[in-house]
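J.: First the structure, which I've put down as structure tokens, then a few questions once you've had a look.
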Amino acid sequence: MASNPGTGSTCQANGEDKTGQVSSSGRSCRHQSESESDAGPTVKSLSRLCSRDEGERSVALEELSQAVLTSLGLDRPGSARLSKQTLLHLLRLSRSCPLQEVRGRAAELLRTAQQQGVEVPRALASGPSAFIPAKEMLKEGSDQDILIESFLSLGRVDHVTMVMALHPAYLSCFLRTQHALLELDGPLPRHWRHYIAIMAAARHHCQYVVQQHSAGFLEAGGEESWLSGLEHAPTKLRSLQTLNKLLAHRPWLITQQHIQELVCPGADPRWSLAELIHAVVLMAHAHSLCSFVWGCGLNPEPDHTGGYTFQPPSPSHLPRSPHSPHSPAHEDGRQETVDGAMEVEVLMKRMVELQQQEEECTQEEMATRFERERSESIPTAVVRGAPPDLVLCLVEEPEFRYEDFAPRGEQSPPTMRAQDYSWEDHGYSLLNRLLPDMGQLLDEKFQVVSNMTYHRMAMHEGVDTHTLRKALWNYIHCLYGIRYDDYDYGSVNVLLERSLKVFVKTMACHPEQTTTRIYHAFWRHFRPSEKVHANLIVMEARLQAALLYTLRAITHYMR
């Protein structure tokens, strides 16, 4: 995600109740609101910090410094004032800019402002993720080149980018696809694209994605009133709500009738097929991104509401590290380390055995194993507080959620057999025809995340992880009712232990219910980057499953 911070939206931390607070009424607050005039840095001067010309960046940095110092009125004691927007820009640069000279100067300017009596914001979180300690991410070593490229291209490096940078090959594909969806020429206007993503993210109560796209929506010229409720949006956008809820929670229910109601000549308002497929990909992209955001426990951006405060730090408000089963504070920490190491050895042995297995199952047995996995009871319900009005005002039928498939023999939606409709043979070509190049971009992303390997697992090197990656992908498709006739779903039960299944199903089907405990319960001895890789597989498998059901419905409509 890469858009400028919005000024009219609010957000809380995913999984935490961290409301960004302004200074208490008893103190003098010497920063201006966004509505007040600001003699400080302009958007143009800030954008020049992203120049690929090092000399121009240096000039822009000096101009930024001069503008801030002028606003502080160092030659006029007592006149120090900076707008809230400028202060938040500086906070963001000081926390996430990959260019050391820019990051250091921004931090220095904030310190100078504070010394002049200006109340400056501070970030509420110590890193991009509430689940992954910042020091662990630094230890893994994100690719700085791709972070710098992201900053120069997009003007910021957000938390999604920081975490995905643990896998630079995937991040490159993700950024290209997202840029094409949101910015390149296409059938939908830019502000509509962001609003459709907002509608989609609201289904999963994902305030992070809602706030990111709210900022992009306003930047693209969208009307702020639309963000206060669906009733303020055009009828044509509201007509997507049924498709949106089905895509988010039960895509197997999408039929050609849903497509016909939106695109047939008598539809009012009417969508063209090109417009509709653009909207469908945007919604599916946002739904799956919500899974990643919740699954990685991403904190709000430091310049977004919920990510900062103007309150001074106190012992009770110091940033806290997420509770981790690896914490030395655990009395049984040594035993957990031993258990975690044993889990890795057991998984390694099972993978080797599966790769050497020559036993062939009958089609009937394969179908039985698929049904067993599809209808297995994996509890995911977690009690959460009600989502804030920011989200609820953008959701129709919030009670409509994912439902488990019924056990075999009971009333259950039919299985989608991959041999009847697959991405490779059907979905890819249709999508490329209706939305040129998008099929290619998505296919590259699917291929990268499926084939990506570092030939290691936990403390072991030289490991072939293909069977594990395939089991993850096929299990997610199984949860969505998609069956591969040539795959033995018994492998899923062998390779994916129950705590991993709980995490995967929660993240894929109820992402807003993901918790720190669920995240830390599986793969306790694995690197953070390996868990992020699992999250990426869940995200992309879920995206492809939702697209397959919709593209199949469009195919039936076009016949």
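Labels used: A, B, ... for chains in the order of the structure tokens, numbers from 1 for residues in each chain, and numbers from 1 for ligands as shown.
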Using only C-alpha atoms, which protein or nucleic acid residues come within 6 Å of Ser129 (chain A)? Drop anything in the same chain fewer than 6 positions from it, and give the result as JSON, numbers by chain.
T.: {"A": [297, 298, 299]}
J.: Atoms to include: N, CA, C and O atoms. Write the selected residues as a short mmCIF file (atom, residue, chain, number, x, y, z; two decimals), in the first residue's frame.
T.:
data_model
loop_
_atom_site.label_atom_id
_atom_site.label_comp_id
_atom_site.auth_asym_id
_atom_site.auth_seq_id
_atom_site.Cartn_x
_atom_site.Cartn_y
_atom_site.Cartn_z
N GLY A 297 -0.33 -9.31 11.92
CA GLY A 297 -0.50 -8.40 13.05
C GLY A 297 0.05 -7.02 12.79
O GLY A 297 0.70 -6.41 13.66
N LEU A 298 -0.20 -6.47 11.59
CA LEU A 298 0.39 -5.18 11.24
C LEU A 298 -0.16 -4.05 12.11
O LEU A 298 -1.37 -3.95 12.33
N ASN A 299 0.73 -3.21 12.59
CA ASN A 299 0.36 -2.01 13.34
C ASN A 299 -0.06 -0.90 12.39
O ASN A 299 0.34 -0.88 11.22
#
J.: Env of Leu61 (chain A): 8 Å cut, atoms = only C-alpha atoms, seq-sep filter 5 positions within chain, self excluded. Answer as a PyMOL selection string.
T.: chain A and resi 49+102+105
J.: Any chance you could list, as an MDAnalysis selection string, the residues in region 53-269 of chain A that come up alpha helix (DSSP H) when DSSP is run on the backbone?
T.: chainID A and resid 54:72 84:96 100:115 134:140 144:154 159:164 168:182 190:203 207:219 235:238 241:249 256:263
J.: Using 12 Å as the limit and counting only C-alpha atoms, can you tabulate each residue of region 177-279 of chain A that touches region 145-157 of chain A, with its shortest atom-to-atom distance in Å and the two atoms involved, as a tab-separated table?
T.:
residue	atom	partner	partner_atom	distance
A:Gln178	CA	A:Leu154	CA	11.5
A:His179	CA	A:Leu154	CA	9.4
A:Glu183	CA	A:Leu154	CA	11.1
A:Gln212	CA	A:Arg156	CA	12.0
A:Gly216	CA	A:Leu154	CA	11.9
J.: Quick one: residues within 12 Å of region 172-177 of chain A, only C-alpha atoms, excluding same-chain residues fewer than 2 positions away - as a JSON list (two decimals) with N, CA, C and O atoms, in the first residue's frame?
T.:
[["chain", "number", "residue", "atom", "x", "y", "z"],
["A", 1, "MET", "N", 0.86, -1.17, 0.00],
["A", 1, "MET", "CA", 0.00, 0.00, 0.00],
["A", 1, "MET", "C", 0.89, 1.22, 0.00],
["A", 1, "MET", "O", 1.84, 1.30, 0.73],
["A", 2, "ALA", "N", 0.55, 2.18, -0.78],
["A", 2, "ALA", "CA", 1.39, 3.36, -0.81],
["A", 2, "ALA", "C", 0.57, 4.56, -1.20],
["A", 2, "ALA", "O", 0.39, 4.90, -2.33],
["A", 143, "ASP", "N", 15.48, -6.57, 2.27],
["A", 143, "ASP", "CA", 16.23, -6.09, 1.11],
["A", 143, "ASP", "C", 16.11, -4.58, 1.02],
["A", 143, "ASP", "O", 15.05, -4.04, 0.69],
["A", 145, "ASP", "N", 17.49, -2.47, -1.06],
["A", 145, "ASP", "CA", 17.34, -1.94, -2.43],
["A", 145, "ASP", "C", 15.87, -1.83, -2.82],
["A", 145, "ASP", "O", 15.44, -0.84, -3.40],
["A", 146, "ILE", "N", 15.08, -2.86, -2.48],
["A", 146, "ILE", "CA", 13.67, -2.82, -2.88],
["A", 146, "ILE", "C", 12.89, -1.83, -2.02],
["A", 146, "ILE", "O", 11.92, -1.22, -2.48],
["A", 147, "LEU", "N", 13.32, -1.63, -0.78],
["A", 147, "LEU", "CA", 12.68, -0.61, 0.06],
["A", 147, "LEU", "C", 12.97, 0.78, -0.48],
["A", 147, "LEU", "O", 12.08, 1.65, -0.52],
["A", 149, "GLU", "N", 13.69, 1.50, -3.62],
["A", 149, "GLU", "CA", 12.93, 1.61, -4.87],
["A", 149, "GLU", "C", 11.46, 1.92, -4.58],
["A", 149, "GLU", "O", 10.84, 2.73, -5.27],
["A", 150, "SER", "N", 10.92, 1.30, -3.57],
["A", 150, "SER", "CA", 9.53, 1.55, -3.19],
["A", 150, "SER", "C", 9.34, 3.00, -2.75],
["A", 150, "SER", "O", 8.38, 3.67, -3.14],
["A", 151, "PHE", "N", 10.28, 3.50, -1.97],
["A", 151, "PHE", "CA", 10.18, 4.89, -1.51],
["A", 151, "PHE", "C", 10.29, 5.86, -2.69],
["A", 151, "PHE", "O", 9.50, 6.81, -2.79],
["A", 153, "SER", "N", 9.60, 5.33, -5.79],
["A", 153, "SER", "CA", 8.48, 5.18, -6.72],
["A", 153, "SER", "C", 7.16, 5.65, -6.13],
["A", 153, "SER", "O", 6.34, 6.25, -6.82],
["A", 154, "LEU", "N", 6.96, 5.36, -4.84],
["A", 154, "LEU", "CA", 5.65, 5.56, -4.24],
["A", 154, "LEU", "C", 5.59, 6.65, -3.18],
["A", 154, "LEU", "O", 4.52, 7.04, -2.75],
["A", 157, "VAL", "N", 7.27, 4.05, 2.46],
["A", 157, "VAL", "CA", 7.44, 2.60, 2.67],
["A", 157, "VAL", "C", 6.53, 2.23, 3.83],
["A", 157, "VAL", "O", 6.81, 2.58, 4.97],
["A", 158, "ASP", "N", 5.43, 1.57, 3.52],
["A", 158, "ASP", "CA", 4.47, 1.26, 4.58],
["A", 158, "ASP", "C", 4.79, -0.08, 5.23],
["A", 158, "ASP", "O", 5.73, -0.77, 4.85],
["A", 160, "VAL", "N", 3.11, -2.90, 5.21],
["A", 160, "VAL", "CA", 2.94, -4.05, 4.32],
["A", 160, "VAL", "C", 4.23, -4.29, 3.55],
["A", 160, "VAL", "O", 4.74, -5.41, 3.46],
["A", 161, "THR", "N", 4.77, -3.21, 2.98],
["A", 161, "THR", "CA", 6.00, -3.31, 2.19],
["A", 161, "THR", "C", 7.17, -3.79, 3.05],
["A", 161, "THR", "O", 7.97, -4.64, 2.63],
["A", 164, "MET", "N", 6.69, -7.57, 3.70],
["A", 164, "MET", "CA", 6.84, -8.33, 2.46],
["A", 164, "MET", "C", 8.27, -8.28, 1.93],
["A", 164, "MET", "O", 8.69, -9.16, 1.17],
["A", 165, "ALA", "N", 9.04, -7.25, 2.34],
["A", 165, "ALA", "CA", 10.42, -7.13, 1.86],
["A", 165, "ALA", "C", 11.29, -8.28, 2.35],
["A", 165, "ALA", "O", 12.41, -8.45, 1.85],
["A", 166, "LEU", "N", 10.80, -9.08, 3.30],
["A", 166, "LEU", "CA", 11.52, -10.29, 3.67],
["A", 166, "LEU", "C", 11.57, -11.26, 2.49],
["A", 166, "LEU", "O", 12.37, -12.19, 2.49],
["A", 167, "HIS", "N", 10.70, -11.01, 1.49],
["A", 167, "HIS", "CA", 10.65, -11.83, 0.27],
["A", 167, "HIS", "C", 10.61, -10.90, -0.94],
["A", 167, "HIS", "O", 9.55, -10.66, -1.53],
["A", 168, "PRO", "N", 11.76, -10.31, -1.31],
["A", 168, "PRO", "CA", 11.80, -9.26, -2.34],
["A", 168, "PRO", "C", 11.24, -9.68, -3.69],
["A", 168, "PRO", "O", 10.65, -8.87, -4.40],
["A", 169, "ALA", "N", 11.44, -10.94, -4.09],
["A", 169, "ALA", "CA", 10.92, -11.38, -5.39],
["A", 169, "ALA", "C", 9.40, -11.28, -5.42],
["A", 169, "ALA", "O", 8.79, -10.83, -6.41],
["A", 170, "TYR", "N", 8.77, -11.68, -4.31],
["A", 170, "TYR", "CA", 7.31, -11.58, -4.24],
["A", 170, "TYR", "C", 6.88, -10.12, -4.17],
["A", 170, "TYR", "O", 5.92, -9.71, -4.85],
["A", 179, "HIS", "N", -0.03, -1.50, -8.31],
["A", 179, "HIS", "CA", 0.09, -0.25, -9.06],
["A", 179, "HIS", "C", -0.81, -0.28, -10.30],
["A", 179, "HIS", "O", -1.49, 0.71, -10.61],
["A", 180, "ALA", "N", -0.83, -1.41, -11.00],
["A", 180, "ALA", "CA", -1.67, -1.53, -12.19],
["A", 180, "ALA", "C", -3.15, -1.43, -11.81],
["A", 180, "ALA", "O", -3.94, -0.77, -12.51],
["A", 181, "LEU", "N", -3.54, -2.06, -10.71],
["A", 181, "LEU", "CA", -4.93, -2.03, -10.28],
["A", 181, "LEU", "C", -5.41, -0.64, -9.91],
["A", 181, "LEU", "O", -6.53, -0.25, -10.22],
["A", 182, "LEU", "N", -4.54, 0.11, -9.23],
["A", 182, "LEU", "CA", -4.95, 1.39, -8.66],
["A", 182, "LEU", "C", -4.59, 2.61, -9.51],
["A", 182, "LEU", "O", -5.30, 3.62, -9.46],
["A", 183, "GLU", "N", -3.53, 2.52, -10.29],
["A", 183, "GLU", "CA", -3.01, 3.73, -10.93],
["A", 183, "GLU", "C", -3.01, 3.72, -12.45],
["A", 183, "GLU", "O", -3.17, 4.78, -13.07],
["A", 184, "LEU", "N", -2.81, 2.60, -13.08],
["A", 184, "LEU", "CA", -2.68, 2.59, -14.54],
["A", 184, "LEU", "C", -4.03, 2.76, -15.22],
["A", 184, "LEU", "O", -5.08, 2.65, -14.60],
["A", 281, "VAL", "N", -11.53, -7.83, -9.26],
["A", 281, "VAL", "CA", -10.12, -8.03, -8.89],
["A", 281, "VAL", "C", -9.74, -7.10, -7.74],
["A", 281, "VAL", "O", -9.01, -7.50, -6.82],
["A", 282, "LEU", "N", -10.23, -5.86, -7.77],
["A", 282, "LEU", "CA", -9.96, -4.93, -6.67],
["A", 282, "LEU", "C", -10.51, -5.47, -5.34],
["A", 282, "LEU", "O", -9.82, -5.43, -4.32],
["A", 285, "HIS", "N", -8.52, -8.59, -4.27],
["A", 285, "HIS", "CA", -7.19, -8.14, -3.84],
["A", 285, "HIS", "C", -7.26, -7.58, -2.42],
["A", 285, "HIS", "O", -6.43, -7.91, -1.56],
["A", 289, "LEU", "N", -5.63, -9.09, 0.96],
["A", 289, "LEU", "CA", -4.65, -8.25, 1.66],
["A", 289, "LEU", "C", -5.04, -8.12, 3.13],
["A", 289, "LEU", "O", -4.17, -8.07, 4.01],
["A", 437, "ASP", "N", -3.50, -7.52, -19.51],
["A", 437, "ASP", "CA", -2.27, -7.60, -18.71],
["A", 437, "ASP", "C", -2.50, -8.01, -17.26],
["A", 437, "ASP", "O", -1.56, -8.44, -16.59],
["A", 438, "MET", "N", -3.72, -7.88, -16.75],
["A", 438, "MET", "CA", -3.93, -8.21, -15.34],
["A", 438, "MET", "C", -3.78, -9.72, -15.10],
["A", 438, "MET", "O", -3.25, -10.14, -14.07],
["A", 439, "GLY", "N", -4.23, -10.53, -16.04],
["A", 439, "GLY", "CA", -4.05, -11.97, -15.90],
["A", 439, "GLY", "C", -2.58, -12.34, -15.80],
["A", 439, "GLY", "O", -2.19, -13.17, -14.98],
["A", 440, "GLN", "N", -1.76, -11.69, -16.62],
["A", 440, "GLN", "CA", -0.32, -11.95, -16.61],
["A", 440, "GLN", "C", 0.31, -11.53, -15.28],
["A", 440, "GLN", "O", 1.11, -12.27, -14.70],
["A", 441, "LEU", "N", -0.08, -10.36, -14.78],
["A", 441, "LEU", "CA", 0.47, -9.87, -13.51],
["A", 441, "LEU", "C", 0.10, -10.80, -12.35],
["A", 441, "LEU", "O", 0.94, -11.13, -11.51],
["A", 442, "LEU", "N", -1.16, -11.21, -12.31],
["A", 442, "LEU", "CA", -1.60, -12.11, -11.24],
["A", 442, "LEU", "C", -0.93, -13.48, -11.36],
["A", 442, "LEU", "O", -0.53, -14.07, -10.35],
["A", 443, "ASP", "N", -0.79, -13.96, -12.60],
["A", 443, "ASP", "CA", -0.17, -15.26, -12.79],
["A", 443, "ASP", "C", 1.28, -15.26, -12.32],
["A", 443, "ASP", "O", 1.73, -16.22, -11.68],
["A", 444, "GLU", "N", 1.99, -14.19, -12.59],
["A", 444, "GLU", "CA", 3.38, -14.08, -12.12],
["A", 444, "GLU", "C", 3.42, -14.13, -10.60],
["A", 444, "GLU", "O", 4.28, -14.79, -10.00],
["A", 445, "LYS", "N", 2.48, -13.44, -9.95],
["A", 445, "LYS", "CA", 2.43, -13.41, -8.49],
["A", 445, "LYS", "C", 2.12, -14.80, -7.93],
["A", 445, "LYS", "O", 2.75, -15.25, -6.96],
["A", 446, "PHE", "N", 1.14, -15.49, -8.54],
["A", 446, "PHE", "CA", 0.81, -16.85, -8.09],
["A", 446, "PHE", "C", 2.02, -17.78, -8.25],
["A", 446, "PHE", "O", 2.31, -18.59, -7.36],
["A", 447, "GLN", "N", 2.73, -17.65, -9.39],
["A", 447, "GLN", "CA", 3.87, -18.53, -9.65],
["A", 447, "GLN", "C", 5.00, -18.27, -8.66],
["A", 447, "GLN", "O", 5.61, -19.21, -8.13],
["A", 448, "VAL", "N", 5.27, -16.99, -8.40],
["A", 448, "VAL", "CA", 6.37, -16.65, -7.50],
["A", 448, "VAL", "C", 6.11, -17.18, -6.10],
["A", 448, "VAL", "O", 6.98, -17.80, -5.47],
["A", 449, "VAL", "N", 4.90, -16.95, -5.57],
["A", 449, "VAL", "CA", 4.63, -17.36, -4.19],
["A", 449, "VAL", "C", 4.58, -18.88, -4.07],
["A", 449, "VAL", "O", 4.95, -19.45, -3.03],
["A", 536, "LEU", "N", 1.83, -15.37, 2.92],
["A", 536, "LEU", "CA", 1.72, -15.01, 1.51],
["A", 536, "LEU", "C", 1.02, -16.11, 0.72],
["A", 536, "LEU", "O", 0.22, -15.83, -0.19],
["A", 539, "MET", "N", -2.66, -15.87, 1.50],
["A", 539, "MET", "CA", -3.20, -14.69, 0.84],
["A", 539, "MET", "C", -3.45, -14.94, -0.64],
["A", 539, "MET", "O", -4.53, -14.63, -1.18],
["A", 540, "GLU", "N", -2.49, -15.50, -1.33],
["A", 540, "GLU", "CA", -2.62, -15.69, -2.78],
["A", 540, "GLU", "C", -3.54, -16.85, -3.13],
["A", 540, "GLU", "O", -4.28, -16.79, -4.12]]
J.: Out of region 68-152 of chain A, which residues get strand (DSSP E or B) from DSSP, as a PyMOL selection string?
T.: chain A and resi 82-83+122-123+129
J.: Those residues you just picked out, can you put them in a file as a PDB file, in the first residue's frame with C-alpha atoms?
T.:
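Wrote it out as selection.pdb, contents follow:
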ATOM      1  CA  LEU A  82       3.913  23.562  12.690  1.00  0.00           C
ATOM      2  CA  SER A  83       0.838  21.952  11.203  1.00  0.00           C
ATOM      3  CA  ARG A 122       5.432   9.844  18.632  1.00  0.00           C
ATOM      4  CA  ALA A 123       4.726   6.422  17.168  1.00  0.00           C
ATOM      5  CA  SER A 129       4.157  -5.849  13.251  1.00  0.00           C
TER       6      SER A 129
END
J.: Neighbouring residues of Ala202 (chain A) were defined as those with any atom within 8 Å, considering only C-alpha atoms; residues of the same chain fewer than 5 positions away were excluded. Please report them as JSON, numbers by chain.
T.: {"A": [207, 210, 391, 392, 394, 395]}
J.: Which residue gives the smallest distance to Ser214 (chain A) among A:Leu110, A:Tyr308, A:Leu390, A:Trp252, with only C-alpha atoms counted?
T.: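 Of all the options, A:Leu390 lies closest to Ser214 (chain A).
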J.: CA of Tyr402 (chain A) and CA of Arg250 (chain A), how far apart in Å?
T.: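 Calculated distance between CA of Arg250 (chain A) and CA of Tyr402 (chain A) is 5.8 Å.
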J.: To one decimal in Å, tell me the separation between CA of Ala521 (chain A) and CA of Gly307 (chain A).
T.: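 Between CA of Ala521 (chain A) and CA of Gly307 (chain A) the gap is 26.5 Å.
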J.: Name the residues in contact with Tyr480 (chain A) at a cut-off of 9 Å, using only C-alpha atoms, excluding same-chain residues fewer than 3 positions from it; report them as a list of chain:residue names.
T.: A:Arg250, A:Pro251, A:Trp252, A:Arg374, A:Phe405, A:Thr415, A:Met416, A:Tyr475, A:Ile476, A:His477, A:Cys509, A:Arg542, A:Ala545, A:Ala546
J.: Could you write out the selected residues, including all heavy atoms, as a short mmCIF file (atom, residue, chain, number, x, y, z; two decimals), in the first residue's frame?
T.:
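part-v6.cif, written as the output of this step:
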data_model
loop_
_atom_site.label_atom_id
_atom_site.label_comp_id
_atom_site.auth_asym_id
_atom_site.auth_seq_id
_atom_site.Cartn_x
_atom_site.Cartn_y
_atom_site.Cartn_z
N ARG A 250 -18.16 -16.23 1.01
CA ARG A 250 -18.64 -17.48 0.42
C ARG A 250 -18.66 -17.39 -1.11
O ARG A 250 -19.73 -17.37 -1.73
CB ARG A 250 -20.05 -17.82 0.94
CG ARG A 250 -20.17 -17.91 2.45
CD ARG A 250 -21.61 -18.17 2.86
NE ARG A 250 -21.90 -17.60 4.17
CZ ARG A 250 -23.12 -17.47 4.68
NH1 ARG A 250 -24.16 -17.88 3.98
NH2 ARG A 250 -23.29 -16.94 5.88
N PRO A 251 -17.50 -17.32 -1.72
CA PRO A 251 -17.46 -17.11 -3.18
C PRO A 251 -18.09 -18.24 -3.98
O PRO A 251 -18.48 -18.04 -5.13
CB PRO A 251 -15.97 -16.97 -3.48
CG PRO A 251 -15.27 -17.61 -2.33
CD PRO A 251 -16.15 -17.38 -1.14
N TRP A 252 -18.18 -19.45 -3.37
CA TRP A 252 -18.77 -20.57 -4.09
C TRP A 252 -20.26 -20.36 -4.40
O TRP A 252 -20.83 -21.07 -5.21
CB TRP A 252 -18.58 -21.86 -3.30
CG TRP A 252 -19.04 -21.78 -1.88
CD1 TRP A 252 -20.29 -22.03 -1.40
CD2 TRP A 252 -18.25 -21.42 -0.74
NE1 TRP A 252 -20.34 -21.83 -0.04
CE2 TRP A 252 -19.09 -21.47 0.39
CE3 TRP A 252 -16.90 -21.06 -0.57
CZ2 TRP A 252 -18.64 -21.17 1.68
CZ3 TRP A 252 -16.46 -20.77 0.71
CH2 TRP A 252 -17.30 -20.82 1.81
N ARG A 374 -12.28 -30.94 4.09
CA ARG A 374 -13.17 -29.80 3.85
C ARG A 374 -14.13 -29.59 5.02
O ARG A 374 -14.44 -28.46 5.37
CB ARG A 374 -13.95 -30.01 2.55
CG ARG A 374 -14.85 -28.84 2.20
CD ARG A 374 -15.40 -28.92 0.80
NE ARG A 374 -16.57 -29.79 0.70
CZ ARG A 374 -17.52 -29.66 -0.23
NH1 ARG A 374 -17.41 -28.71 -1.14
NH2 ARG A 374 -18.53 -30.49 -0.28
N PHE A 405 -18.29 -25.88 5.46
CA PHE A 405 -19.03 -26.81 4.62
C PHE A 405 -19.64 -27.89 5.50
O PHE A 405 -19.05 -28.30 6.50
CB PHE A 405 -18.11 -27.44 3.57
CG PHE A 405 -17.78 -26.52 2.44
CD1 PHE A 405 -16.65 -25.71 2.48
CD2 PHE A 405 -18.60 -26.44 1.33
CE1 PHE A 405 -16.34 -24.86 1.45
CE2 PHE A 405 -18.30 -25.58 0.29
CZ PHE A 405 -17.16 -24.79 0.34
N THR A 415 -18.71 -29.27 -4.96
CA THR A 415 -17.27 -29.03 -5.07
C THR A 415 -16.93 -28.49 -6.45
O THR A 415 -17.52 -28.91 -7.44
CB THR A 415 -16.52 -30.35 -4.84
OG1 THR A 415 -16.78 -30.81 -3.51
CG2 THR A 415 -15.03 -30.17 -5.02
N MET A 416 -16.00 -27.54 -6.51
CA MET A 416 -15.47 -27.12 -7.81
C MET A 416 -14.25 -27.99 -8.11
O MET A 416 -13.26 -27.93 -7.39
CB MET A 416 -15.06 -25.65 -7.82
CG MET A 416 -14.45 -25.23 -9.16
SD MET A 416 -13.62 -23.63 -9.12
CE MET A 416 -14.98 -22.54 -9.47
N TYR A 475 -4.80 -26.93 0.82
CA TYR A 475 -5.68 -26.89 1.99
C TYR A 475 -6.57 -25.65 1.95
O TYR A 475 -7.78 -25.73 2.25
CB TYR A 475 -4.86 -26.92 3.28
CG TYR A 475 -5.70 -26.82 4.54
CD1 TYR A 475 -6.70 -27.77 4.80
CD2 TYR A 475 -5.51 -25.79 5.45
CE1 TYR A 475 -7.48 -27.68 5.95
CE2 TYR A 475 -6.29 -25.69 6.60
CZ TYR A 475 -7.27 -26.64 6.85
OH TYR A 475 -8.05 -26.54 7.98
N ILE A 476 -6.01 -24.52 1.59
CA ILE A 476 -6.81 -23.28 1.50
C ILE A 476 -7.87 -23.42 0.42
O ILE A 476 -9.04 -23.07 0.63
CB ILE A 476 -5.89 -22.06 1.22
CG1 ILE A 476 -4.95 -21.84 2.41
CG2 ILE A 476 -6.72 -20.81 0.97
CD1 ILE A 476 -3.58 -21.43 2.04
N HIS A 477 -7.50 -23.97 -0.74
CA HIS A 477 -8.49 -24.19 -1.79
C HIS A 477 -9.54 -25.20 -1.32
O HIS A 477 -10.73 -25.08 -1.68
CB HIS A 477 -7.81 -24.66 -3.07
CG HIS A 477 -7.29 -23.52 -3.89
ND1 HIS A 477 -7.00 -23.63 -5.23
CD2 HIS A 477 -7.04 -22.23 -3.56
CE1 HIS A 477 -6.58 -22.45 -5.69
NE2 HIS A 477 -6.58 -21.60 -4.69
N CYS A 509 -10.31 -17.43 6.31
CA CYS A 509 -11.77 -17.37 6.36
C CYS A 509 -12.31 -16.34 7.35
O CYS A 509 -13.39 -15.79 7.12
CB CYS A 509 -12.34 -18.74 6.71
SG CYS A 509 -11.74 -20.07 5.65
N ARG A 542 -6.10 -17.81 -1.40
CA ARG A 542 -7.44 -17.29 -1.15
C ARG A 542 -7.88 -16.39 -2.31
O ARG A 542 -9.02 -16.46 -2.78
CB ARG A 542 -7.43 -16.50 0.15
CG ARG A 542 -8.78 -15.89 0.42
CD ARG A 542 -8.78 -14.75 1.38
NE ARG A 542 -10.11 -14.14 1.32
CZ ARG A 542 -10.60 -13.36 2.24
NH1 ARG A 542 -9.90 -13.06 3.31
NH2 ARG A 542 -11.82 -12.86 2.11
N ALA A 545 -8.77 -18.50 -5.37
CA ALA A 545 -10.03 -19.23 -5.19
C ALA A 545 -11.22 -18.32 -5.43
O ALA A 545 -12.17 -18.69 -6.15
CB ALA A 545 -10.09 -19.82 -3.78
N ALA A 546 -11.19 -17.10 -4.86
CA ALA A 546 -12.31 -16.16 -5.04
C ALA A 546 -12.46 -15.77 -6.51
O ALA A 546 -13.58 -15.69 -7.03
CB ALA A 546 -12.09 -14.93 -4.17
#
J.: Quick one: of A:Ile277, A:Val494, A:Leu430, A:Met558, who's nearest to Val346 (chain A), counting only C-alpha atoms?
T.: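 Among A:Ile277, A:Val494, A:Leu430, A:Met558, it is A:Val494 that comes nearest to Val346 (chain A).
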J.: Could you check which of A:Met459, A:Cys478, A:Val263, A:Met452 is closest to Asp404 (chain A), using only C-alpha atoms?
T.: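 Ranking A:Met459, A:Cys478, A:Val263, A:Met452 by distance to Asp404 (chain A), first place goes to A:Cys478.
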J.: Hey, what's within 12 Å of region 548-552 of chain A if we count only C-alpha atoms and toss same-chain stuff fewer than 4 positions away? As number ranges by chain, please?
T.: A: 243-244, 246-248, 250-259, 273, 276-281, 283-284, 414-418, 420-434, 439, 477, 480-482, 541-544, 556-559
